[in-house]
file query-v7.tsv (TSV, C-alpha atoms)
chain	number	residue	atom	x	y	z
D	1	MET	CA	-5.83	21.26	-10.53
D	2	HIS	CA	-9.51	20.87	-9.71
D	3	GLU	CA	-9.91	24.65	-9.54
D	4	MET	CA	-10.43	24.42	-13.30
D	5	ALA	CA	-13.44	22.13	-12.83
D	6	LEU	CA	-14.75	24.31	-10.01
D	7	THR	CA	-14.43	27.44	-12.13
D	8	GLN	CA	-16.31	25.72	-14.94
D	9	GLY	CA	-19.00	25.06	-12.35
D	10	ILE	CA	-19.10	28.76	-11.43
D	11	VAL	CA	-19.43	29.76	-15.09
D	12	ASP	CA	-22.25	27.25	-15.67
D	13	ILE	CA	-24.22	28.38	-12.61
D	14	CYS	CA	-23.87	32.07	-13.57
D	15	GLU	CA	-24.93	31.51	-17.17
D	16	GLN	CA	-27.99	29.54	-16.06
D	17	ASN	CA	-29.08	32.43	-13.85
D	18	ALA	CA	-28.22	35.43	-16.04
D	19	GLY	CA	-31.22	35.18	-18.37
D	20	GLY	CA	-28.96	35.83	-21.36
D	21	HIS	CA	-27.67	39.18	-20.03
D	22	PRO	CA	-23.95	40.00	-20.02
D	23	ILE	CA	-22.54	39.47	-16.52
D	24	THR	CA	-20.36	42.22	-15.06
D	25	THR	CA	-19.62	40.90	-11.59
D	26	VAL	CA	-19.60	37.47	-9.95
D	27	VAL	CA	-19.46	37.11	-6.19
D	28	VAL	CA	-18.37	33.75	-4.77
D	29	SER	CA	-17.65	32.72	-1.22
D	30	ILE	CA	-14.86	30.26	-0.53
D	31	GLY	CA	-14.37	28.60	2.83
D	32	ALA	CA	-10.87	28.68	4.28
D	33	LEU	CA	-11.15	24.92	4.95
D	34	SER	CA	-12.50	24.01	1.49
D	35	GLY	CA	-9.07	23.20	0.09
D	36	VAL	CA	-9.50	25.71	-2.71
D	37	VAL	CA	-6.80	28.22	-3.58
D	38	PRO	CA	-8.43	31.59	-4.42
D	39	GLU	CA	-5.52	32.65	-6.64
D	40	ALA	CA	-5.96	29.50	-8.71
D	41	LEU	CA	-9.68	30.27	-9.08
D	42	GLU	CA	-8.86	33.75	-10.33
D	43	PHE	CA	-6.35	32.32	-12.78
D	44	CYS	CA	-8.86	29.80	-14.15
D	45	PHE	CA	-11.71	32.31	-14.25
D	46	GLU	CA	-10.25	34.27	-17.11
D	47	ALA	CA	-9.76	31.14	-19.20
D	48	CYS	CA	-13.19	29.67	-18.42
D	49	SER	CA	-15.16	32.88	-18.91
D	50	ALA	CA	-13.82	33.65	-22.39
D	51	GLY	CA	-16.58	33.49	-24.97
D	52	THR	CA	-19.34	33.26	-22.33
D	53	LEU	CA	-21.71	35.78	-20.77
D	54	LEU	CA	-19.03	36.22	-18.11
D	55	GLU	CA	-16.30	37.41	-20.45
D	56	GLY	CA	-14.62	40.44	-18.89
D	57	ALA	CA	-16.62	40.11	-15.66
D	58	ARG	CA	-15.06	40.86	-12.33
D	59	LEU	CA	-14.67	37.92	-9.94
D	60	ARG	CA	-15.06	38.87	-6.30
D	61	ILE	CA	-14.02	36.21	-3.82
D	62	GLU	CA	-15.27	36.46	-0.24
D	63	LEU	CA	-13.22	34.31	2.12
D	64	VAL	CA	-15.21	32.58	4.82
D	65	PRO	CA	-13.05	31.87	7.87
D	66	GLY	CA	-13.07	28.37	9.33
D	67	ARG	CA	-14.80	27.80	12.66
D	68	ALA	CA	-14.95	24.69	14.79
D	69	CYS	CA	-16.34	23.47	18.09
D	70	CYS	CA	-14.28	21.26	20.40
D	71	GLN	CA	-16.10	18.03	21.24
D	72	GLU	CA	-14.26	17.73	24.57
D	73	CYS	CA	-14.52	21.21	26.12
D	74	GLN	CA	-17.30	22.62	23.87
D	75	SER	CA	-15.36	25.81	23.12
D	76	GLU	CA	-16.13	27.42	19.78
D	77	GLN	CA	-13.20	28.99	17.96
D	78	PRO	CA	-11.58	29.93	14.64
D	79	MET	CA	-9.87	27.08	12.74
D	80	GLU	CA	-7.23	27.74	10.12
D	81	ARG	CA	-6.27	24.19	9.18
D	82	LEU	CA	-8.14	20.88	9.36
D	83	PHE	CA	-5.71	19.45	11.88
D	84	ASP	CA	-5.57	22.38	14.28
D	85	PRO	CA	-6.12	21.27	17.89
D	86	CYS	CA	-8.47	23.04	20.28
D	87	SER	CA	-6.85	26.28	21.44
D	88	GLN	CA	-8.30	25.73	24.94
D	89	CYS	CA	-7.68	22.06	25.76
D	90	GLY	CA	-5.46	20.75	22.94
D	91	SER	CA	-7.94	18.09	21.77
D	92	PHE	CA	-8.15	17.12	18.09
D	93	LEU	CA	-11.83	16.18	18.41
D	94	MET	CA	-12.93	19.24	16.49
D	95	GLN	CA	-16.31	19.55	14.81
D	96	ILE	CA	-16.18	21.96	11.89
D	97	ILE	CA	-19.00	24.52	11.91
D	98	SER	CA	-18.13	26.67	8.92
D	99	GLY	CA	-15.49	27.30	6.29
D	100	GLN	CA	-15.94	24.24	4.05
D	101	ASP	CA	-18.46	25.73	1.64
D	102	MET	CA	-17.91	27.03	-1.88
D	103	ARG	CA	-20.85	29.05	-3.19
D	104	VAL	CA	-21.83	31.35	-6.00
D	105	ARG	CA	-23.52	34.12	-4.01
D	106	GLU	CA	-24.74	36.59	-6.61
D	107	ILE	CA	-24.10	38.12	-9.99
D	108	GLU	CA	-24.56	41.56	-11.44
D	109	VAL	CA	-25.86	41.72	-15.01
D	110	GLU	CA	-26.45	44.45	-17.56
D	111	ASP	CA	-30.17	44.99	-17.69
R	1	MET	CA	-15.24	52.16	-29.77
R	2	CYS	CA	-13.65	52.21	-26.36
R	3	THR	CA	-9.87	51.92	-26.77
R	4	THR	CA	-9.24	50.37	-23.38
R	5	CYS	CA	-11.42	47.33	-23.64
R	6	GLY	CA	-12.48	47.29	-27.25
R	7	CYS	CA	-16.17	47.31	-26.38
R	8	SER	CA	-18.39	48.89	-28.98
R	9	SER	CA	-19.17	51.77	-26.68
R	10	THR	CA	-21.75	49.78	-24.81
R	11	PRO	CA	-22.38	51.82	-21.71
R	12	GLY	CA	-21.66	50.74	-18.18
R	13	HIS	CA	-19.03	48.21	-19.18
R	14	HIS	CA	-16.62	47.68	-16.31
R	15	HIS	CA	-13.48	45.59	-16.27
R	16	HIS	CA	-11.26	44.07	-13.67
R	17	GLY	CA	-8.31	46.42	-13.35
R	18	ASP	CA	-9.63	49.30	-15.38
R	19	GLU	CA	-9.99	51.65	-12.45
R	20	GLY	CA	-8.99	55.08	-13.65
R	21	HIS	CA	-10.45	54.40	-17.06
R	22	SER	CA	-13.86	55.93	-17.06
R	23	HIS	CA	-16.66	55.28	-19.43
R	24	GLU	CA	-19.11	58.11	-19.64
R	25	HIS	CA	-22.00	55.81	-20.32
R	26	HIS	CA	-23.91	53.66	-17.84
R	27	HIS	CA	-26.04	50.59	-18.25
R	28	PRO	CA	-28.43	49.92	-15.45
R	29	LEU	CA	-27.06	46.93	-13.58
R	30	LYS	CA	-29.24	44.30	-11.99
R	31	LYS	CA	-28.21	42.13	-9.08
R	32	ILE	CA	-29.30	38.49	-9.10
R	33	VAL	CA	-28.96	36.49	-5.88
R	34	ILE	CA	-27.99	32.88	-6.54
R	35	GLU	CA	-26.54	31.23	-3.38
R	36	GLU	CA	-25.72	27.93	-5.03
R	37	ASP	CA	-22.97	25.49	-4.08
R	38	ILE	CA	-20.28	25.45	-6.77
R	39	LEU	CA	-20.34	21.67	-6.64
R	40	ALA	CA	-24.14	21.51	-6.77
R	41	LYS	CA	-24.26	19.80	-10.16
R	42	ASN	CA	-21.75	17.14	-9.14
R	43	ASN	CA	-23.53	16.69	-5.82
R	44	ARG	CA	-26.88	16.21	-7.56
R	45	LEU	CA	-25.44	13.51	-9.82
R	46	ALA	CA	-23.68	11.91	-6.86
R	47	ALA	CA	-27.01	11.79	-5.01
R	48	PHE	CA	-28.53	10.12	-8.07
R	49	ASN	CA	-25.74	7.52	-8.10
R	50	ARG	CA	-26.05	6.95	-4.36
R	51	ALA	CA	-29.80	6.36	-4.62
R	52	LEU	CA	-29.27	3.93	-7.49
R	53	PHE	CA	-26.57	2.00	-5.59
R	54	LYS	CA	-28.82	1.83	-2.55
R	55	GLU	CA	-31.76	0.57	-4.56
R	56	LYS	CA	-29.56	-2.12	-6.12
R	57	ASN	CA	-27.99	-2.87	-2.72
R	58	ILE	CA	-24.41	-2.37	-3.93
R	59	LEU	CA	-21.56	-1.36	-1.63
R	60	VAL	CA	-19.59	1.30	-3.51
R	61	LEU	CA	-16.11	2.35	-2.39
R	62	ASN	CA	-14.02	5.20	-3.75
R	63	LEU	CA	-10.33	4.28	-3.45
R	64	VAL	CA	-8.07	7.31	-3.28
R	65	SER	CA	-4.33	7.74	-2.81
R	66	SER	CA	-1.21	9.23	-4.32
R	67	PRO	CA	0.17	7.45	-7.41
R	68	GLY	CA	2.10	4.30	-6.56
R	69	SER	CA	0.50	3.49	-3.20
R	70	GLY	CA	-0.51	0.05	-4.47
R	71	LYS	CA	-4.24	0.56	-5.09
R	72	THR	CA	-4.33	-1.63	-8.17
R	73	THR	CA	-2.25	-4.43	-6.59
R	74	LEU	CA	-4.51	-4.28	-3.54
R	75	LEU	CA	-7.57	-4.54	-5.78
R	76	GLU	CA	-6.16	-7.45	-7.79
R	77	ARG	CA	-5.50	-9.40	-4.60
R	78	THR	CA	-8.85	-8.44	-3.07
R	79	LEU	CA	-10.77	-9.48	-6.18
R	80	ARG	CA	-8.97	-12.83	-6.44
R	81	ASP	CA	-9.69	-13.54	-2.76
R	82	LEU	CA	-13.29	-12.28	-2.68
R	83	SER	CA	-14.80	-13.03	-6.06
R	84	PRO	CA	-15.77	-16.57	-5.08
R	85	ARG	CA	-17.90	-15.02	-2.31
R	86	TYR	CA	-19.06	-11.70	-3.79
R	87	ARG	CA	-19.95	-10.33	-7.20
R	88	CYS	CA	-17.57	-7.43	-7.77
R	89	ALA	CA	-16.92	-4.83	-10.47
R	90	VAL	CA	-14.31	-2.11	-10.86
R	91	ILE	CA	-14.17	1.37	-12.36
R	92	GLU	CA	-10.60	2.39	-13.12
R	93	GLY	CA	-9.74	6.09	-13.31
R	94	ASP	CA	-6.48	7.25	-14.90
R	95	GLN	CA	-5.50	10.21	-17.02
R	96	GLN	CA	-4.23	7.91	-19.78
R	97	THR	CA	-3.86	4.20	-20.68
R	98	ASP	CA	-5.96	1.16	-19.86
R	99	ASN	CA	-3.04	-0.65	-18.17
R	100	ASP	CA	-4.86	-0.92	-14.84
R	101	ALA	CA	-8.10	-2.06	-16.45
R	102	ARG	CA	-6.22	-4.87	-18.18
R	103	ARG	CA	-4.70	-5.96	-14.87
R	104	ILE	CA	-8.16	-6.03	-13.28
R	105	ALA	CA	-9.70	-7.80	-16.28
R	106	ALA	CA	-7.14	-10.58	-15.81
R	107	THR	CA	-8.83	-11.40	-12.47
R	108	GLY	CA	-12.06	-12.12	-14.35
R	109	VAL	CA	-13.97	-9.24	-12.77
R	110	PRO	CA	-15.92	-6.79	-14.99
R	111	VAL	CA	-14.03	-3.52	-15.32
R	112	LYS	CA	-14.60	-0.16	-16.99
R	113	GLN	CA	-11.73	2.21	-17.65
R	114	ILE	CA	-12.28	5.96	-17.52
R	115	ASN	CA	-9.55	8.14	-19.00
R	116	THR	CA	-9.86	11.67	-17.69
R	117	GLY	CA	-7.36	13.10	-20.20
R	118	ALA	CA	-6.07	16.24	-18.55
R	119	GLY	CA	-8.51	15.85	-15.65
R	120	CYS	CA	-7.13	15.20	-12.20
R	121	HIS	CA	-10.12	13.42	-10.65
R	122	LEU	CA	-13.23	11.38	-11.39
R	123	ASP	CA	-16.59	13.10	-11.03
R	124	ALA	CA	-20.12	11.80	-10.45
R	125	HIS	CA	-21.08	12.25	-14.10
R	126	MET	CA	-18.26	10.00	-15.32
R	127	VAL	CA	-19.17	7.35	-12.76
R	128	MET	CA	-22.85	7.55	-13.68
R	129	HIS	CA	-22.05	6.63	-17.28
R	130	ALA	CA	-19.39	4.07	-16.38
R	131	THR	CA	-21.93	2.09	-14.33
R	132	GLU	CA	-24.09	1.65	-17.44
R	133	SER	CA	-21.74	-1.10	-18.60
R	134	PHE	CA	-22.38	-3.27	-15.52
R	135	ASP	CA	-25.29	-5.54	-14.62
R	136	LEU	CA	-26.21	-3.68	-11.43
R	137	ASP	CA	-28.81	-6.26	-10.47
R	138	ASN	CA	-26.06	-8.81	-10.06
R	139	LEU	CA	-23.45	-6.88	-8.14
R	140	ASP	CA	-22.43	-6.78	-4.46
R	141	ILE	CA	-19.38	-4.49	-4.43
R	142	LEU	CA	-18.26	-1.79	-6.85
R	143	PHE	CA	-14.71	-0.54	-6.35
R	144	ILE	CA	-13.88	2.81	-7.93
R	145	GLU	CA	-10.13	3.35	-8.25
R	146	ASN	CA	-9.77	7.11	-8.50
R	147	VAL	CA	-6.98	8.96	-10.29
R	148	GLY	CA	-3.80	8.78	-8.20
R	149	ASN	CA	-3.88	12.21	-6.56
R	150	LEU	CA	-4.23	13.16	-2.90
R	151	VAL	CA	-5.72	16.58	-3.60
R	152	CYS	CA	-8.50	16.93	-6.15
R	153	PRO	CA	-10.53	13.72	-5.73
R	154	ALA	CA	-11.27	14.81	-2.15
R	155	ALA	CA	-13.73	17.46	-3.38
R	156	PHE	CA	-15.81	15.29	-5.71
R	157	ASP	CA	-18.49	13.04	-4.27
R	158	LEU	CA	-19.11	10.11	-6.63
R	159	GLY	CA	-22.05	8.64	-4.76
R	160	GLU	CA	-19.88	6.14	-2.88
R	161	ALA	CA	-20.65	4.76	0.57
R	162	HIS	CA	-17.10	5.46	1.74
R	163	LYS	CA	-13.84	6.94	0.59
R	164	VAL	CA	-11.02	4.54	1.40
R	165	VAL	CA	-7.62	6.21	1.42
R	166	VAL	CA	-4.57	4.04	0.74
R	167	LEU	CA	-1.25	5.22	2.13
R	168	SER	CA	1.90	3.17	1.61
R	169	VAL	CA	4.78	3.06	4.08
R	170	THR	CA	7.21	4.02	1.32
R	171	GLU	CA	5.65	7.50	1.52
R	172	GLY	CA	6.13	9.95	4.36
R	173	GLU	CA	4.23	9.37	7.61
R	174	ASP	CA	3.12	13.00	7.55
R	175	LYS	CA	0.97	12.61	4.41
R	176	PRO	CA	-2.24	13.04	6.48
R	177	LEU	CA	-1.05	16.48	7.58
R	178	LYS	CA	0.19	17.48	4.14
R	179	TYR	CA	-3.06	16.47	2.42
R	180	PRO	CA	-5.59	16.84	5.24
R	181	GLN	CA	-8.72	17.17	3.08
R	182	MET	CA	-8.40	13.66	1.69
R	183	PHE	CA	-7.81	12.00	5.05
R	184	HIS	CA	-10.53	14.11	6.63
R	185	ASN	CA	-13.07	12.96	4.04
R	186	SER	CA	-12.16	9.26	4.22
R	187	ASP	CA	-13.72	6.68	6.54
R	188	LEU	CA	-11.03	4.00	6.27
R	189	MET	CA	-7.29	4.20	5.78
R	190	LEU	CA	-5.35	1.20	4.52
R	191	LEU	CA	-1.69	1.48	5.45
R	192	ASN	CA	-0.21	-0.61	2.66
R	193	LYS	CA	3.15	-2.32	2.02
R	194	VAL	CA	3.73	-2.97	5.74
R	195	ASP	CA	5.88	-5.97	4.77
R	196	LEU	CA	8.55	-3.41	3.83
R	197	LEU	CA	8.63	-1.78	7.29
R	198	PRO	CA	11.82	-3.60	8.44
R	199	HIS	CA	13.70	-1.85	5.62
R	200	LEU	CA	12.32	1.63	6.23
R	201	THR	CA	12.31	4.35	8.88
R	202	PHE	CA	8.54	4.88	8.55
R	203	ASP	CA	7.01	5.52	11.99
R	204	VAL	CA	3.62	3.77	12.04
R	205	ALA	CA	2.52	5.15	15.42
R	206	GLN	CA	3.38	8.71	14.36
R	207	CYS	CA	1.50	8.27	11.08
R	208	LYS	CA	-1.59	7.02	12.92
R	209	GLU	CA	-1.38	9.93	15.34
R	210	TYR	CA	-1.21	12.42	12.44
R	211	ALA	CA	-4.17	10.74	10.76
R	212	ALA	CA	-6.18	10.93	13.99
R	213	ARG	CA	-5.51	14.68	14.20
R	214	VAL	CA	-7.12	15.22	10.81
R	215	SER	CA	-9.93	12.72	11.29
R	216	HIS	CA	-10.53	11.39	14.79
R	217	ASP	CA	-12.86	8.59	13.70
R	218	LEU	CA	-10.77	7.32	10.77
R	219	ARG	CA	-10.42	3.52	10.93
R	220	ILE	CA	-6.86	2.40	10.13
R	221	LEU	CA	-5.85	-1.09	8.99
R	222	GLU	CA	-2.28	-2.22	8.32
R	223	VAL	CA	-2.03	-4.40	5.22
R	224	SER	CA	0.30	-5.75	2.61
R	225	ALA	CA	-1.28	-6.45	-0.75
R	226	SER	CA	1.71	-8.52	-1.86
R	227	THR	CA	2.11	-10.81	1.19
R	228	GLY	CA	-1.54	-10.78	2.25
R	229	GLN	CA	-0.72	-9.56	5.76
R	230	GLY	CA	-3.71	-7.86	7.40
R	231	LEU	CA	-6.04	-8.48	4.47
R	232	ASP	CA	-8.45	-10.49	6.63
R	233	ASP	CA	-9.14	-7.30	8.60
R	234	TRP	CA	-9.89	-5.48	5.33
R	235	TYR	CA	-12.20	-8.27	4.20
R	236	GLY	CA	-13.84	-8.24	7.62
R	237	TRP	CA	-14.48	-4.52	7.26
R	238	LEU	CA	-16.00	-5.09	3.81
R	239	GLU	CA	-18.21	-7.86	5.15
R	240	GLN	CA	-19.42	-5.65	7.97
R	241	GLU	CA	-20.22	-2.83	5.51
R	242	LEU	CA	-22.08	-5.24	3.22
R	243	GLY	CA	-24.27	-6.24	6.13
R	244	LYS	CA	-25.36	-2.66	6.82
call {"tool": "encode", "arguments": {"input": "query-v7.tsv", "output": "structure tokens"}}
result
Amino acid sequence: MHEMALTQGIVDICEQNAGGHPITTVVVSIGALSGVVPEALEFCFEACSAGTLLEGARLRIELVPGRACCQECQSEQPMERLFDPCSQCGSFLMQIISGQDMRVREIEVED
Amino acid sequence: MCTTCGCSSTPGHHHHGDEGHSHEHHHPLKKIVIEEDILAKNNRLAAFNRALFKEKNILVLNLVSSPGSGKTTLLERTLRDLSPRYRCAVIEGDQQTDNDARRIAATGVPVKQINTGAGCHLDAHMVMHATESFDLDNLDILFIENVGNLVCPAAFDLGEAHKVVVLSVTEGEDKPLKYPQMFHNSDLMLLNKVDLLPHLTFDVAQCKEYAARVSHDLRILEVSASTGQGLDDWYGWLEQELGK
């Protein structure tokens, strides 16, 4: 379950940026094509944040929908799974435009 | 003290799920914009590894697959066939035991075992330290055998030139669709154990078609590590990559 390692990454990034202040909210964005299960992140977050500046903080996950562009007919469209064919021409030559990223967007700290 | 969360009445404290429970006190809250990739640390170390491998002119391959696909057998055979021509080394990743490292060591090639413990994948930091035990100035190819797992290793760049995914014909032909991330991120697929095809119902053409859906430029080679079938194509691919 690599969500544990990813969550540890989230905790590290937040602590580095919090300037020692307790963190109340963490906002992350997770791409629909990133292979990450948001529920698993939430589950790991509680375990990883214990005893850190993030203890008790709220984790807000923004889901970024997948988008791709067909290399054959150039149509741009939503993509739910990595092997979805083009909805216009059926081609699998799809270039992914967005939805693979996993980012810590911002935190809210007690001042 | 607040009885809901146990905080020492520090104002402005807000918890997940404590809607309806109101604190009368408020801390000023400050928003800090970060916008950093969750994998940024791993990616930085992977970039460090990649630059080092480039400087030393070493071809580094990250071998990924489910457990039991024949990665170690394929490596043993490859090392025995290639070590007269190329200087090779191996990093072995497993949760526990050094069984695979001992098999590789028997071929005479330098090997470093990494035990991840509970971890399900290798990361760039582990690889960075594992390479310290090799003489990088005298190395042509470094094979990294990742933990047998078709999910997690897909997300972690190690600094390799290519991910090589090994799929054996004793598995289902729909593995590329079930674990699309791994096949999507790989540049070469070795379809292993093809000597067993006469005894199985595995549909090679269907498997290749599924793989092409997930990754249209994935190279696919059919091999058998135990009989040697198709290995010349694999060695040819390695030679071509070494020349780049």
call {"tool": "atom_distance", "arguments": {"input": "query-v7.tsv", "atom1": "CA of Phe92 (chain D)", "atom2": "CA of Val165 (chain R)"}}
result
19.9 Å
call {"tool": "interface_residues", "arguments": {"input": "query-v7.tsv", "of": "chain D", "to": "chain R", "cutoff": "6 Å", "atoms": "all atoms listed in the file", "output": "list in words"}}
result
His2, Gly9, Ile10, Gly56, Arg58, Leu82, Phe83, Phe92, Met102, Arg103, Val104, Arg105, Glu106, Ile107, Glu108, Val109, Glu110 and Asp111 of chain D
call {"tool": "axis_aligned_box", "arguments": {"input": "query-v7.tsv", "around": "region 222-238 of chain R", "padding_each_side": "6 Å", "output": "JSON"}}
result
{"center_x": -6.9, "center_y": -6.5, "center_z": 3.4, "size_x": 30.1, "size_y": 20.6, "size_z": 22.5}
call {"tool": "atom_distance", "arguments": {"input": "query-v7.tsv", "atom1": "CA of Val223 (chain R)", "atom2": "CA of Gln96 (chain R)"}}
result
28.0 Å
call {"tool": "closest_residue", "arguments": {"input": "query-v7.tsv", "among": "R:Thr78, R:Thr116, R:Thr107, R:Thr131", "to": "Arg50 (chain R)", "atoms": "all atoms listed in the file"}}
result
R:Thr131
call {"tool": "atom_distance", "arguments": {"input": "query-v7.tsv", "atom1": "CA of Glu209 (chain R)", "atom2": "CA of Ala32 (chain D)"}}
result
23.7 Å
call {"tool": "residues_near_point", "arguments": {"input": "query-v7.tsv", "point": "(-12.3, 31.4, 13.4)", "cutoff": "8 Å", "atoms": "only C-alpha atoms", "output": "ChimeraX atom specification"}}
result
/D:65-68,77-80
call {"tool": "closest_residue", "arguments": {"input": "query-v7.tsv", "among": "R:Ala89, R:Phe134, R:Ser69, R:Leu142", "to": "Leu191 (chain R)", "atoms": "all atoms listed in the file"}}
result
R:Ser69
call {"tool": "residues_near_point", "arguments": {"input": "query-v7.tsv", "point": "(-20.8, -12.4, -2.0)", "cutoff": "9 Å", "atoms": "all atoms listed in the file", "output": "ChimeraX atom specification"}}
result
/R:82-88,139-141,239,242
call {"tool": "residues_around", "arguments": {"input": "query-v7.tsv", "residues": "Cys86 (chain D)", "least_positions_apart": "4", "cutoff": "10 Å", "atoms": "all atoms listed in the file", "output": "PyMOL selection string"}}
result
chain D and resi 68-79+90-94
call {"tool": "closest_residue", "arguments": {"input": "query-v7.tsv", "among": "D:Ser34, D:His21, D:Arg81, D:Ser29", "to": "Thr52 (chain D)", "atoms": "only C-alpha atoms"}}
result
D:His21
call {"tool": "residues_around", "arguments": {"input": "query-v7.tsv", "residues": "Val37 (chain D)", "least_positions_apart": "4", "cutoff": "10 Å", "atoms": "only C-alpha atoms", "output": "list of chain:residue names"}}
result
D:Met1, D:His2, D:Glu3, D:Ile30, D:Gly31, D:Ala32, D:Leu41, D:Glu42
call {"tool": "decode", "arguments": {"input": "query-v7.tsv", "residues": "region 96-103 of chain D", "atoms": "all heavy atoms", "output": "mmCIF file, in the first residue's frame"}}
result
data_model
loop_
_atom_site.group_PDB
_atom_site.id
_atom_site.type_symbol
_atom_site.label_atom_id
_atom_site.label_comp_id
_atom_site.auth_asym_id
_atom_site.auth_seq_id
_atom_site.Cartn_x
_atom_site.Cartn_y
_atom_site.Cartn_z
ATOM 1 N N ILE D 96 -2.314 11.760 -22.459
ATOM 2 C CA ILE D 96 -2.934 12.280 -21.238
ATOM 3 C C ILE D 96 -2.513 13.735 -21.017
ATOM 4 O O ILE D 96 -1.338 14.084 -21.122
ATOM 5 C CB ILE D 96 -2.533 11.429 -20.022
ATOM 6 C CG1 ILE D 96 -3.086 10.016 -20.220
ATOM 7 C CG2 ILE D 96 -3.070 12.025 -18.719
ATOM 8 C CD1 ILE D 96 -2.525 9.005 -19.281
ATOM 9 N N ILE D 97 -3.496 14.579 -20.739
ATOM 10 C CA ILE D 97 -3.220 16.008 -20.525
ATOM 11 C C ILE D 97 -3.198 16.331 -19.035
ATOM 12 O O ILE D 97 -2.365 17.086 -18.555
ATOM 13 C CB ILE D 97 -4.299 16.885 -21.204
ATOM 14 C CG1 ILE D 97 -4.351 16.583 -22.705
ATOM 15 C CG2 ILE D 97 -4.020 18.363 -20.966
ATOM 16 C CD1 ILE D 97 -5.596 17.135 -23.356
ATOM 17 N N SER D 98 -4.150 15.772 -18.305
ATOM 18 C CA SER D 98 -4.183 16.036 -16.861
ATOM 19 C C SER D 98 -4.806 14.860 -16.122
ATOM 20 O O SER D 98 -5.444 13.999 -16.714
ATOM 21 C CB SER D 98 -4.949 17.321 -16.570
ATOM 22 O OG SER D 98 -6.297 17.153 -16.959
ATOM 23 N N GLY D 99 -4.577 14.862 -14.786
ATOM 24 C CA GLY D 99 -5.178 13.818 -13.964
ATOM 25 C C GLY D 99 -4.165 12.816 -13.437
ATOM 26 O O GLY D 99 -4.521 11.821 -12.835
ATOM 27 N N GLN D 100 -2.854 13.077 -13.673
ATOM 28 C CA GLN D 100 -1.844 12.151 -13.148
ATOM 29 C C GLN D 100 -1.118 12.723 -11.930
ATOM 30 O O GLN D 100 -0.371 12.021 -11.274
ATOM 31 C CB GLN D 100 -0.819 11.831 -14.245
ATOM 32 C CG GLN D 100 -1.394 10.954 -15.345
ATOM 33 C CD GLN D 100 -0.320 10.456 -16.301
ATOM 34 O OE1 GLN D 100 0.315 11.243 -16.977
ATOM 35 N NE2 GLN D 100 -0.125 9.158 -16.357
ATOM 36 N N ASP D 101 -1.354 14.002 -11.655
ATOM 37 C CA ASP D 101 -0.615 14.676 -10.589
ATOM 38 C C ASP D 101 -1.121 14.351 -9.185
ATOM 39 O O ASP D 101 -2.291 14.045 -8.984
ATOM 40 C CB ASP D 101 -0.735 16.198 -10.762
ATOM 41 C CG ASP D 101 0.303 16.723 -11.727
ATOM 42 O OD1 ASP D 101 0.936 15.890 -12.390
ATOM 43 O OD2 ASP D 101 0.455 17.951 -11.812
ATOM 44 N N MET D 102 -0.221 14.454 -8.228
ATOM 45 C CA MET D 102 -0.584 14.402 -6.811
ATOM 46 C C MET D 102 0.157 15.555 -6.163
ATOM 47 O O MET D 102 1.387 15.576 -6.182
ATOM 48 C CB MET D 102 -0.108 13.096 -6.184
ATOM 49 C CG MET D 102 -0.632 11.858 -6.860
ATOM 50 S SD MET D 102 0.062 10.384 -6.120
ATOM 51 C CE MET D 102 1.593 10.238 -7.019
ATOM 52 N N ARG D 103 -0.574 16.543 -5.639
ATOM 53 C CA ARG D 103 0.088 17.730 -5.094
ATOM 54 C C ARG D 103 -0.443 18.113 -3.724
ATOM 55 O O ARG D 103 -1.623 17.923 -3.449
ATOM 56 C CB ARG D 103 -0.143 18.944 -6.016
ATOM 57 C CG ARG D 103 0.240 18.768 -7.432
ATOM 58 C CD ARG D 103 -0.045 20.026 -8.236
ATOM 59 N NE ARG D 103 0.851 21.114 -7.898
ATOM 60 C CZ ARG D 103 2.108 21.185 -8.310
ATOM 61 N NH1 ARG D 103 2.592 20.253 -9.081
ATOM 62 N NH2 ARG D 103 2.852 22.185 -7.966
#
